[in-house]
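Participant: Here it is: the structure, laid out below.
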Number of protein chains: 2
Amino acid sequence: MSEANRVWRLRERPFGDITEDVLSFEEESIPEPGDGEFLFRLNYLSLDPTNRVWMSDMDQYMPPVALDDPMRGFVCGTVVKSHHPDYAEGAVVSGLGVWADYQIGTPQLVRPMGDTGPIPVDDAFSAFALVGPTAYLLLLEIGEPKEGETVVVSAAAGAVGSIVGQIAKIKGCRVVGLAGSKEKCAWIQDDLGFDEAINYRTEDVPKALAAACPDGIDVYFDNVGGEILDACLKLMNFKGRIPTCGLISQYNATEPVPGPYNYAMILMQRLRVEGLIPVLDLPERCPEAIAALGQWMAEGKIKVRTEIVDGLENALSTVKKLYSGANTGKLMIRVKDL
Amino acid sequence: MSEANRVWRLRERPFGDITEDVLSFEEESIPEPGDGEFLFRLNYLSLDPTNRVWMSDMDQYMPPVALDDPMRGFVCGTVVKSHHPDYAEGAVVSGLGVWADYQIGTPQLVRPMGDTGPIPVDDAFSAFALVGPTAYLLLLEIGEPKEGETVVVSAAAGAVGSIVGQIAKIKGCRVVGLAGSKEKCAWIQDDLGFDEAINYRTEDVPKALAAACPDGIDVYFDNVGGEILDACLKLMNFKGRIPTCGLISQYNATEPVPGPYNYAMILMQRLRVEGLIPVLDLPERCPEAIAALGQWMAEGKIKVRTEIVDGLENALSTVKKLYSGANTGKLMIRVKDL
């Protein structure tokens, strides 16, 4: 290959917000795939709240990125050289990779995208690679929403939250979303059909939640932890469920973060609080999630929004948006159009 | 009836530790049972950590005791006057009653003790009325301990904890208990067969737990919350379970208590944290629990210890022992021998 390879490497573990020193962006040689491996070129890089977790040495669900290693990310790319019979040159693949133009793939971590039907590949990657199965399986397997129940979703204008709320509506629930701006609240309520939207930056959250949930909360889909979790715990109904998807409010903390003050509600209301990472824990169920979501998207019952920023060189400045709430929907870097 | 009735009434909600002003002890007339009711005389009064919850106005699982009402408790007594065909005079009954010599029972809250087989009625009340079904069902239904797994129990020399640990041993688990004195630790390890006992007052809990649980923790049976919960969260294995039975470390708090700092472990290790109050939530399963426990007790596989204090007048001074950790096993007041 004549072209250079650009690679983001983790140089420091962030303390608080992600700073420019945390990652370096360097030109390197293009790696050579070994037996059973393939080389692919990055088309899209998914930016996700969990990126901040991998950069740190906090307790986490897989080993953090080692210092000086390429930064880890969910990726979509095109095979350019293959030593694996199932990965032909030109095949579009997605999975867990790194922030680099060219990278080695193995079948364990990267799989063919397959036929995405009427849905463009970038939309399919945006909705299906991570966030769709996460939203679908965590809501349905742990949340178990029933018709007429009240479902509250935090980070409701985010990639996962916006899908969770729409699935809960399809299931016949009253859906209340929390988001961080007037525009986001308008989007989830007017465009996505949430019953109520609460701007957590400007409203009194406990009061607004109580008003929006006159029958209490049956399912709180937790993307954020912190004060919103506490306010929801206070309103949980008997045998309520709290699927725990993320705790973004505390990823950038610089000191230990206390758990919810209303933790005792777990006992008092016999709640079930449970974490699940469907793409890792229930990979065999992901096709079902993708099929259902694809159907609903085709029928116009679920809308997804993707915010695309061009240029791998912008990955670091763009990923920060997730922690300041500056993005709406799925955040992605486009490195090269498919 | 010629005899007077002595009644403990809630006069103030406690702030911090229970003080003498919280309850008053007064002579009153003996109530008259109405249609479908019966009058029973108290033999045993169970003292339980949840008593402190009922005295307060914290969020809880049933309405708190109203100010000036008789204090609520689990009771065992003898029917002395009946307007209900299923409750003959002389029948021994148990259930949810009040701290008073004489009180009205209804079938909703008070049931016949029935035949306790080879187990004396006081032991049966001690083990079966509340703590046995709680230990059995919460451990097995939420904890789901499997052979070879590591089960950690806090308040392990308490009424529930001591039974939980012994059931977990019967199920083939490695069992580690935390208790607050050398004597308690010796009891659970030497007499009850726990694999390890940690004195949480004198040992470095995170360190001692890590040493006692070389393969991590699969089930943490939580009776206390607080720092012990935090230390256990840190060591939880993938898909671990935390049945939440009590949070005694925070019942006497005078300001809001933060939840566990390691709350994120719920997500990172995909834990299940769930509350259950079996005597309220699964009454239909309690006979199964009682039958199993009765069998194990008869076989000597489960030992129970009851600390009995004589005299209803000592109920207030005795209940305080629960919150200072001064009791071992089940704490009861004997008002009148059966």
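Residues are named by chain letter and number: chains run A, B, ... in the order of the structure tokens, numbers start at 1 in each chain, and ligands are numbered from 1 in the order shown.
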Once chain A is superposed on chain B with a least-squares fit on all C-alpha pairs taken in order, can you show it as a CSV table (one decimal) with C-alpha atoms, in the first residue's frame?

Facilitator:
```
chain,number,residue,atom,x,y,z
A,1,MET,CA,-60.5,-9.5,81.7
A,2,SER,CA,-59.3,-8.2,85.0
A,3,GLU,CA,-55.6,-7.9,84.0
A,4,ALA,CA,-54.4,-4.6,82.6
A,5,ASN,CA,-53.0,-4.3,79.1
A,6,ARG,CA,-49.5,-2.8,78.6
A,7,VAL,CA,-48.9,-1.1,75.3
A,8,TRP,CA,-45.9,0.4,73.7
A,9,ARG,CA,-46.9,3.4,71.6
A,10,LEU,CA,-44.8,5.4,69.1
A,11,ARG,CA,-44.6,9.0,70.4
A,12,GLU,CA,-41.8,10.5,68.2
A,13,ARG,CA,-40.0,9.4,65.1
A,14,PRO,CA,-36.4,8.6,66.0
A,15,PHE,CA,-33.6,10.9,64.8
A,16,GLY,CA,-30.5,8.7,64.8
A,17,ASP,CA,-30.4,6.1,67.5
A,18,ILE,CA,-33.7,5.1,69.2
A,19,THR,CA,-34.1,7.0,72.4
A,20,GLU,CA,-36.4,6.6,75.4
A,21,ASP,CA,-38.6,9.4,74.1
A,22,VAL,CA,-39.6,7.5,71.0
A,23,LEU,CA,-41.9,5.0,72.6
A,24,SER,CA,-44.1,5.2,75.7
A,25,PHE,CA,-45.2,2.2,77.8
A,26,GLU,CA,-48.6,2.6,79.2
A,27,GLU,CA,-51.4,0.7,80.9
A,28,GLU,CA,-54.6,0.6,78.9
A,29,SER,CA,-57.8,-1.4,78.8
A,30,ILE,CA,-57.9,-4.7,77.0
A,31,PRO,CA,-59.6,-4.3,73.6
A,32,GLU,CA,-62.7,-6.2,72.6
A,33,PRO,CA,-62.6,-8.2,69.4
A,34,GLY,CA,-65.3,-7.5,66.8
A,35,ASP,CA,-67.0,-9.8,64.4
A,36,GLY,CA,-64.5,-12.1,62.6
A,37,GLU,CA,-61.8,-10.9,65.0
A,38,PHE,CA,-60.1,-12.5,68.0
A,39,LEU,CA,-58.2,-11.3,71.0
A,40,PHE,CA,-54.8,-12.9,71.8
A,41,ARG,CA,-52.3,-12.6,74.5
A,42,LEU,CA,-48.7,-12.0,73.6
A,43,ASN,CA,-46.2,-14.7,74.4
A,44,TYR,CA,-43.2,-13.7,72.3
A,45,LEU,CA,-42.3,-10.4,70.5
A,46,SER,CA,-39.8,-10.7,67.7
A,47,LEU,CA,-37.4,-7.8,67.6
A,48,ASP,CA,-36.1,-7.1,64.1
A,49,PRO,CA,-34.0,-4.5,62.3
A,50,THR,CA,-37.1,-3.4,60.3
A,51,ASN,CA,-38.6,-2.1,63.6
A,52,ARG,CA,-36.5,1.0,63.2
A,53,VAL,CA,-37.8,1.5,59.7
A,54,TRP,CA,-41.4,1.4,60.8
A,55,MET,CA,-40.7,4.0,63.5
A,56,SER,CA,-39.4,6.4,61.0
A,57,ASP,CA,-40.9,8.2,58.0
A,58,MET,CA,-38.1,7.1,55.6
A,59,ASP,CA,-39.2,5.5,52.3
A,60,GLN,CA,-40.4,2.0,53.2
A,61,TYR,CA,-42.3,-1.0,52.1
A,62,MET,CA,-45.5,-0.5,54.2
A,63,PRO,CA,-46.9,2.6,55.9
A,64,PRO,CA,-44.8,3.6,58.9
A,65,VAL,CA,-46.4,3.3,62.3
A,66,ALA,CA,-48.5,6.4,62.8
A,67,LEU,CA,-47.6,8.6,65.7
A,68,ASP,CA,-49.4,7.6,68.9
A,69,ASP,CA,-50.3,4.2,67.5
A,70,PRO,CA,-49.1,1.0,69.2
A,71,MET,CA,-45.6,-0.1,67.9
A,72,ARG,CA,-45.8,-2.8,65.2
A,73,GLY,CA,-44.0,-6.1,65.5
A,74,PHE,CA,-43.9,-9.8,64.6
A,75,VAL,CA,-45.7,-11.6,67.4
A,76,CYS,CA,-46.6,-15.0,68.8
A,77,GLY,CA,-49.5,-15.3,71.1
A,78,THR,CA,-52.4,-17.4,72.4
A,79,VAL,CA,-56.1,-16.7,71.5
A,80,VAL,CA,-58.0,-15.8,74.7
A,81,LYS,CA,-61.3,-14.8,73.1
A,82,SER,CA,-62.6,-15.4,69.6
A,83,HIS,CA,-65.2,-14.3,67.2
A,84,HIS,CA,-63.7,-16.3,64.4
A,85,PRO,CA,-64.4,-20.0,63.8
A,86,ASP,CA,-60.8,-20.8,62.7
A,87,TYR,CA,-59.2,-19.3,65.8
A,88,ALA,CA,-60.2,-21.3,68.9
A,89,GLU,CA,-59.4,-20.1,72.4
A,90,GLY,CA,-56.1,-21.5,73.3
A,91,ALA,CA,-54.8,-21.6,69.8
A,92,VAL,CA,-51.2,-20.4,69.3
A,93,VAL,CA,-51.0,-17.8,66.5
A,94,SER,CA,-48.3,-15.7,64.9
A,95,GLY,CA,-48.1,-12.8,62.5
A,96,LEU,CA,-47.9,-9.0,62.4
A,97,GLY,CA,-49.2,-7.4,65.5
A,98,VAL,CA,-48.2,-4.8,68.1
A,99,TRP,CA,-46.1,-4.4,71.2
A,100,ALA,CA,-48.9,-5.1,73.7
A,101,ASP,CA,-50.0,-7.8,76.1
A,102,TYR,CA,-53.4,-8.1,74.6
A,103,GLN,CA,-54.3,-7.3,71.0
A,104,ILE,CA,-56.9,-7.9,68.3
A,105,GLY,CA,-56.0,-10.3,65.6
A,106,THR,CA,-57.5,-10.8,62.1
A,107,PRO,CA,-56.9,-13.6,59.7
A,108,GLN,CA,-55.2,-11.2,57.3
A,109,LEU,CA,-52.3,-10.5,59.6
A,110,VAL,CA,-52.3,-13.3,62.2
A,111,ARG,CA,-52.4,-17.1,61.4
A,112,PRO,CA,-52.4,-20.2,63.5
A,113,MET,CA,-48.9,-21.6,64.1
A,114,GLY,CA,-50.1,-25.1,63.5
A,115,ASP,CA,-48.2,-28.2,64.4
A,116,THR,CA,-44.5,-27.5,64.7
A,117,GLY,CA,-43.5,-31.1,64.9
A,118,PRO,CA,-40.4,-31.9,67.0
A,119,ILE,CA,-39.5,-28.2,67.1
A,120,PRO,CA,-40.6,-26.2,70.2
A,121,VAL,CA,-43.1,-23.5,69.4
A,122,ASP,CA,-40.8,-20.7,70.5
A,123,ASP,CA,-38.0,-22.0,68.3
A,124,ALA,CA,-40.5,-22.4,65.5
A,125,PHE,CA,-41.6,-18.8,65.9
A,126,SER,CA,-38.0,-17.6,66.1
A,127,ALA,CA,-36.9,-19.4,63.0
A,128,PHE,CA,-40.0,-19.6,60.8
A,129,ALA,CA,-42.2,-16.6,61.4
A,130,LEU,CA,-40.0,-14.2,59.6
A,131,VAL,CA,-36.3,-14.9,59.4
A,132,GLY,CA,-36.3,-18.5,58.0
A,133,PRO,CA,-38.5,-17.7,54.9
A,134,THR,CA,-36.6,-14.5,54.4
A,135,ALA,CA,-33.2,-16.2,54.4
A,136,TYR,CA,-34.3,-19.2,52.4
A,137,LEU,CA,-36.3,-17.5,49.6
A,138,LEU,CA,-34.2,-14.4,49.2
A,139,LEU,CA,-31.0,-16.5,48.9
A,140,LEU,CA,-32.5,-19.1,46.6
A,141,GLU,CA,-34.8,-17.0,44.5
A,142,ILE,CA,-32.5,-14.0,44.0
A,143,GLY,CA,-29.1,-15.3,45.0
A,144,GLU,CA,-29.4,-18.6,43.1
A,145,PRO,CA,-26.2,-20.0,44.6
A,146,LYS,CA,-24.6,-22.8,42.6
A,147,GLU,CA,-22.3,-25.4,43.9
A,148,GLY,CA,-18.7,-24.2,44.1
A,149,GLU,CA,-19.7,-20.5,44.1
A,150,THR,CA,-18.6,-18.0,46.7
A,151,VAL,CA,-21.4,-16.5,48.8
A,152,VAL,CA,-20.7,-13.6,51.2
A,153,VAL,CA,-23.1,-12.7,53.9
A,154,SER,CA,-23.1,-9.6,56.1
A,155,ALA,CA,-24.6,-9.5,59.6
A,156,ALA,CA,-23.7,-13.2,59.4
A,157,ALA,CA,-24.3,-13.8,63.1
A,158,GLY,CA,-27.7,-12.2,62.9
A,159,ALA,CA,-31.0,-14.0,62.7
A,160,VAL,CA,-31.2,-14.0,58.9
A,161,GLY,CA,-27.5,-14.0,58.1
A,162,SER,CA,-26.7,-17.1,60.2
A,163,ILE,CA,-29.4,-19.1,58.4
A,164,VAL,CA,-28.3,-17.8,54.9
A,165,GLY,CA,-24.8,-19.0,55.4
A,166,GLN,CA,-25.8,-22.4,56.5
A,167,ILE,CA,-28.2,-22.8,53.6
A,168,ALA,CA,-25.4,-21.7,51.2
A,169,LYS,CA,-23.1,-24.4,52.8
A,170,ILE,CA,-25.8,-27.0,52.2
A,171,LYS,CA,-25.9,-25.9,48.6
A,172,GLY,CA,-22.1,-26.6,48.3
A,173,CYS,CA,-20.9,-23.0,48.3
A,174,ARG,CA,-17.8,-21.4,49.8
A,175,VAL,CA,-19.3,-19.2,52.5
A,176,VAL,CA,-17.7,-16.1,54.0
A,177,GLY,CA,-19.5,-14.2,56.8
A,178,LEU,CA,-18.9,-10.7,58.2
A,179,ALA,CA,-19.7,-10.2,61.9
A,180,GLY,CA,-18.9,-7.6,64.5
A,181,SER,CA,-17.0,-9.5,67.2
A,182,LYS,CA,-14.5,-12.3,67.8
A,183,GLU,CA,-17.2,-14.4,69.5
A,184,LYS,CA,-19.6,-14.0,66.6
A,185,CYS,CA,-16.9,-14.9,64.1
A,186,ALA,CA,-16.0,-18.0,66.2
A,187,TRP,CA,-19.7,-19.0,66.3
A,188,ILE,CA,-20.3,-18.8,62.6
A,189,GLN,CA,-17.1,-20.4,61.7
A,190,ASP,CA,-16.7,-23.1,64.3
A,191,ASP,CA,-20.4,-23.9,65.1
A,192,LEU,CA,-22.2,-23.1,61.9
A,193,GLY,CA,-19.5,-24.2,59.4
A,194,PHE,CA,-18.8,-21.0,57.5
A,195,ASP,CA,-15.5,-21.3,55.6
A,196,GLU,CA,-14.3,-17.9,56.7
A,197,ALA,CA,-15.4,-15.2,59.1
A,198,ILE,CA,-14.3,-11.6,59.0
A,199,ASN,CA,-14.6,-9.2,62.0
A,200,TYR,CA,-15.6,-6.0,60.3
A,201,ARG,CA,-14.9,-4.0,63.3
A,202,THR,CA,-11.2,-5.0,63.6
A,203,GLU,CA,-10.2,-6.1,60.1
A,204,ASP,CA,-9.5,-4.1,56.9
A,205,VAL,CA,-12.7,-5.3,55.2
A,206,PRO,CA,-11.7,-4.9,51.5
A,207,LYS,CA,-8.4,-6.6,52.2
A,208,ALA,CA,-9.9,-9.4,54.3
A,209,LEU,CA,-12.7,-10.0,51.8
A,210,ALA,CA,-10.2,-10.2,48.9
A,211,ALA,CA,-8.2,-12.7,50.8
A,212,ALA,CA,-11.2,-14.8,51.8
A,213,CYS,CA,-12.7,-14.7,48.3
A,214,PRO,CA,-9.8,-15.7,46.0
A,215,ASP,CA,-12.2,-16.5,43.2
A,216,GLY,CA,-14.3,-13.4,43.7
A,217,ILE,CA,-17.9,-13.2,44.9
A,218,ASP,CA,-20.8,-14.7,43.1
A,219,VAL,CA,-23.5,-13.9,45.6
A,220,TYR,CA,-23.5,-11.1,48.2
A,221,PHE,CA,-26.4,-11.4,50.6
A,222,ASP,CA,-26.8,-7.8,51.7
A,223,ASN,CA,-28.1,-7.2,55.2
A,224,VAL,CA,-26.3,-4.0,55.8
A,225,GLY,CA,-25.5,-1.7,52.8
A,226,GLY,CA,-22.7,0.8,53.4
A,227,GLU,CA,-19.0,0.1,53.3
A,228,ILE,CA,-19.4,-3.7,53.3
A,229,LEU,CA,-21.7,-3.5,50.2
A,230,ASP,CA,-19.0,-1.3,48.6
A,231,ALA,CA,-16.2,-3.7,49.4
A,232,CYS,CA,-18.3,-6.6,48.0
A,233,LEU,CA,-19.3,-4.8,44.8
A,234,LYS,CA,-15.6,-4.4,44.0
A,235,LEU,CA,-15.1,-8.2,44.1
A,236,MET,CA,-18.3,-9.3,42.4
A,237,ASN,CA,-17.9,-11.8,39.6
A,238,PHE,CA,-19.5,-11.6,36.2
A,239,LYS,CA,-23.3,-12.0,36.5
A,240,GLY,CA,-23.1,-12.0,40.3
A,241,ARG,CA,-26.3,-11.5,42.3
A,242,ILE,CA,-26.9,-9.2,45.3
A,243,PRO,CA,-30.1,-10.1,47.1
A,244,THR,CA,-31.0,-7.0,49.1
A,245,CYS,CA,-32.5,-8.0,52.5
A,246,GLY,CA,-31.6,-5.1,54.7
A,247,LEU,CA,-29.6,-1.9,55.0
A,248,ILE,CA,-29.1,-1.8,58.7
A,249,SER,CA,-26.0,0.4,58.5
A,250,GLN,CA,-28.1,3.3,57.4
A,251,TYR,CA,-31.4,2.9,59.3
A,252,ASN,CA,-30.1,5.1,62.2
A,253,ALA,CA,-28.5,7.7,60.0
A,254,THR,CA,-29.2,11.3,60.7
A,255,GLU,CA,-28.5,12.6,57.2
A,256,PRO,CA,-28.8,11.2,53.7
A,257,VAL,CA,-26.6,8.2,53.1
A,258,PRO,CA,-24.8,7.9,49.8
A,259,GLY,CA,-25.3,4.7,47.9
A,260,PRO,CA,-22.3,2.5,47.1
A,261,TYR,CA,-19.3,4.2,45.4
A,262,ASN,CA,-18.8,1.0,43.4
A,263,TYR,CA,-22.4,1.2,41.9
A,264,ALA,CA,-20.9,1.1,38.4
A,265,MET,CA,-19.9,-2.5,39.1
A,266,ILE,CA,-23.6,-3.4,38.4
A,267,LEU,CA,-23.0,-2.4,34.8
A,268,MET,CA,-19.4,-3.5,34.5
A,269,GLN,CA,-20.0,-7.0,35.8
A,270,ARG,CA,-23.6,-7.2,34.8
A,271,LEU,CA,-24.8,-7.8,38.3
A,272,ARG,CA,-28.4,-8.3,39.4
A,273,VAL,CA,-29.3,-6.3,42.6
A,274,GLU,CA,-32.8,-7.1,43.8
A,275,GLY,CA,-34.9,-6.6,46.8
A,276,LEU,CA,-37.5,-9.1,48.0
A,277,ILE,CA,-39.5,-9.4,51.3
A,278,PRO,CA,-40.6,-13.0,51.1
A,279,VAL,CA,-43.2,-13.0,53.9
A,280,LEU,CA,-45.0,-10.2,52.1
A,281,ASP,CA,-44.1,-10.9,48.4
A,282,LEU,CA,-44.1,-14.7,48.3
A,283,PRO,CA,-46.4,-15.9,51.1
A,284,GLU,CA,-47.4,-18.9,49.0
A,285,ARG,CA,-43.7,-20.1,49.1
A,286,CYS,CA,-43.2,-19.7,52.8
A,287,PRO,CA,-44.5,-23.2,53.7
A,288,GLU,CA,-41.9,-24.7,51.4
A,289,ALA,CA,-39.2,-22.7,53.1
A,290,ILE,CA,-40.4,-23.6,56.6
A,291,ALA,CA,-40.6,-27.3,55.6
A,292,ALA,CA,-37.1,-27.3,54.2
A,293,LEU,CA,-35.7,-25.5,57.2
A,294,GLY,CA,-37.5,-27.7,59.7
A,295,GLN,CA,-36.1,-30.7,58.0
A,296,TRP,CA,-32.5,-29.3,58.1
A,297,MET,CA,-32.9,-28.2,61.7
A,298,ALA,CA,-34.2,-31.7,62.6
A,299,GLU,CA,-31.1,-33.2,60.9
A,300,GLY,CA,-28.8,-30.8,62.7
A,301,LYS,CA,-27.7,-29.2,59.4
A,302,ILE,CA,-29.0,-25.8,60.4
A,303,LYS,CA,-28.7,-24.4,63.9
A,304,VAL,CA,-30.5,-21.4,65.1
A,305,ARG,CA,-29.7,-19.3,68.1
A,306,THR,CA,-32.3,-17.2,69.9
A,307,GLU,CA,-31.5,-14.5,72.4
A,308,ILE,CA,-34.5,-14.2,74.7
A,309,VAL,CA,-35.0,-11.3,77.0
A,310,ASP,CA,-37.9,-11.5,79.5
A,311,GLY,CA,-40.5,-8.8,80.0
A,312,LEU,CA,-42.4,-6.6,77.6
A,313,GLU,CA,-41.2,-3.6,79.6
A,314,ASN,CA,-37.7,-4.4,78.2
A,315,ALA,CA,-38.7,-4.2,74.6
A,316,LEU,CA,-37.4,-0.7,74.0
A,317,SER,CA,-34.0,-1.2,75.6
A,318,THR,CA,-33.6,-4.5,73.9
A,319,VAL,CA,-34.5,-3.5,70.3
A,320,LYS,CA,-31.6,-1.1,70.4
A,321,LYS,CA,-29.2,-4.0,70.6
A,322,LEU,CA,-29.9,-4.7,66.9
A,323,TYR,CA,-28.4,-1.5,65.8
A,324,SER,CA,-25.3,-1.6,67.9
A,325,GLY,CA,-24.7,-5.3,67.0
A,326,ALA,CA,-25.0,-6.4,70.6
A,327,ASN,CA,-27.1,-9.4,69.9
A,328,THR,CA,-26.3,-12.8,68.3
A,329,GLY,CA,-28.9,-14.7,66.4
A,330,LYS,CA,-32.6,-14.0,66.7
A,331,LEU,CA,-33.6,-11.4,69.3
A,332,MET,CA,-37.0,-11.9,71.1
A,333,ILE,CA,-38.9,-10.7,74.1
A,334,ARG,CA,-40.6,-13.4,76.1
A,335,VAL,CA,-43.8,-11.9,77.7
A,336,LYS,CA,-45.3,-15.1,78.9
A,337,ASP,CA,-44.1,-18.7,78.5
A,338,LEU,CA,-46.3,-20.9,76.2
```

Participant: Residues of region 74-323 of chain A in alpha helix (DSSP H) according to DSSP, as a ChimeraX atom specification?

Facilitator: /A:121-128,131-137,159-170,182-186,205-212,226-235,248-251,265-268,278-281,286-298,315-319,321-323
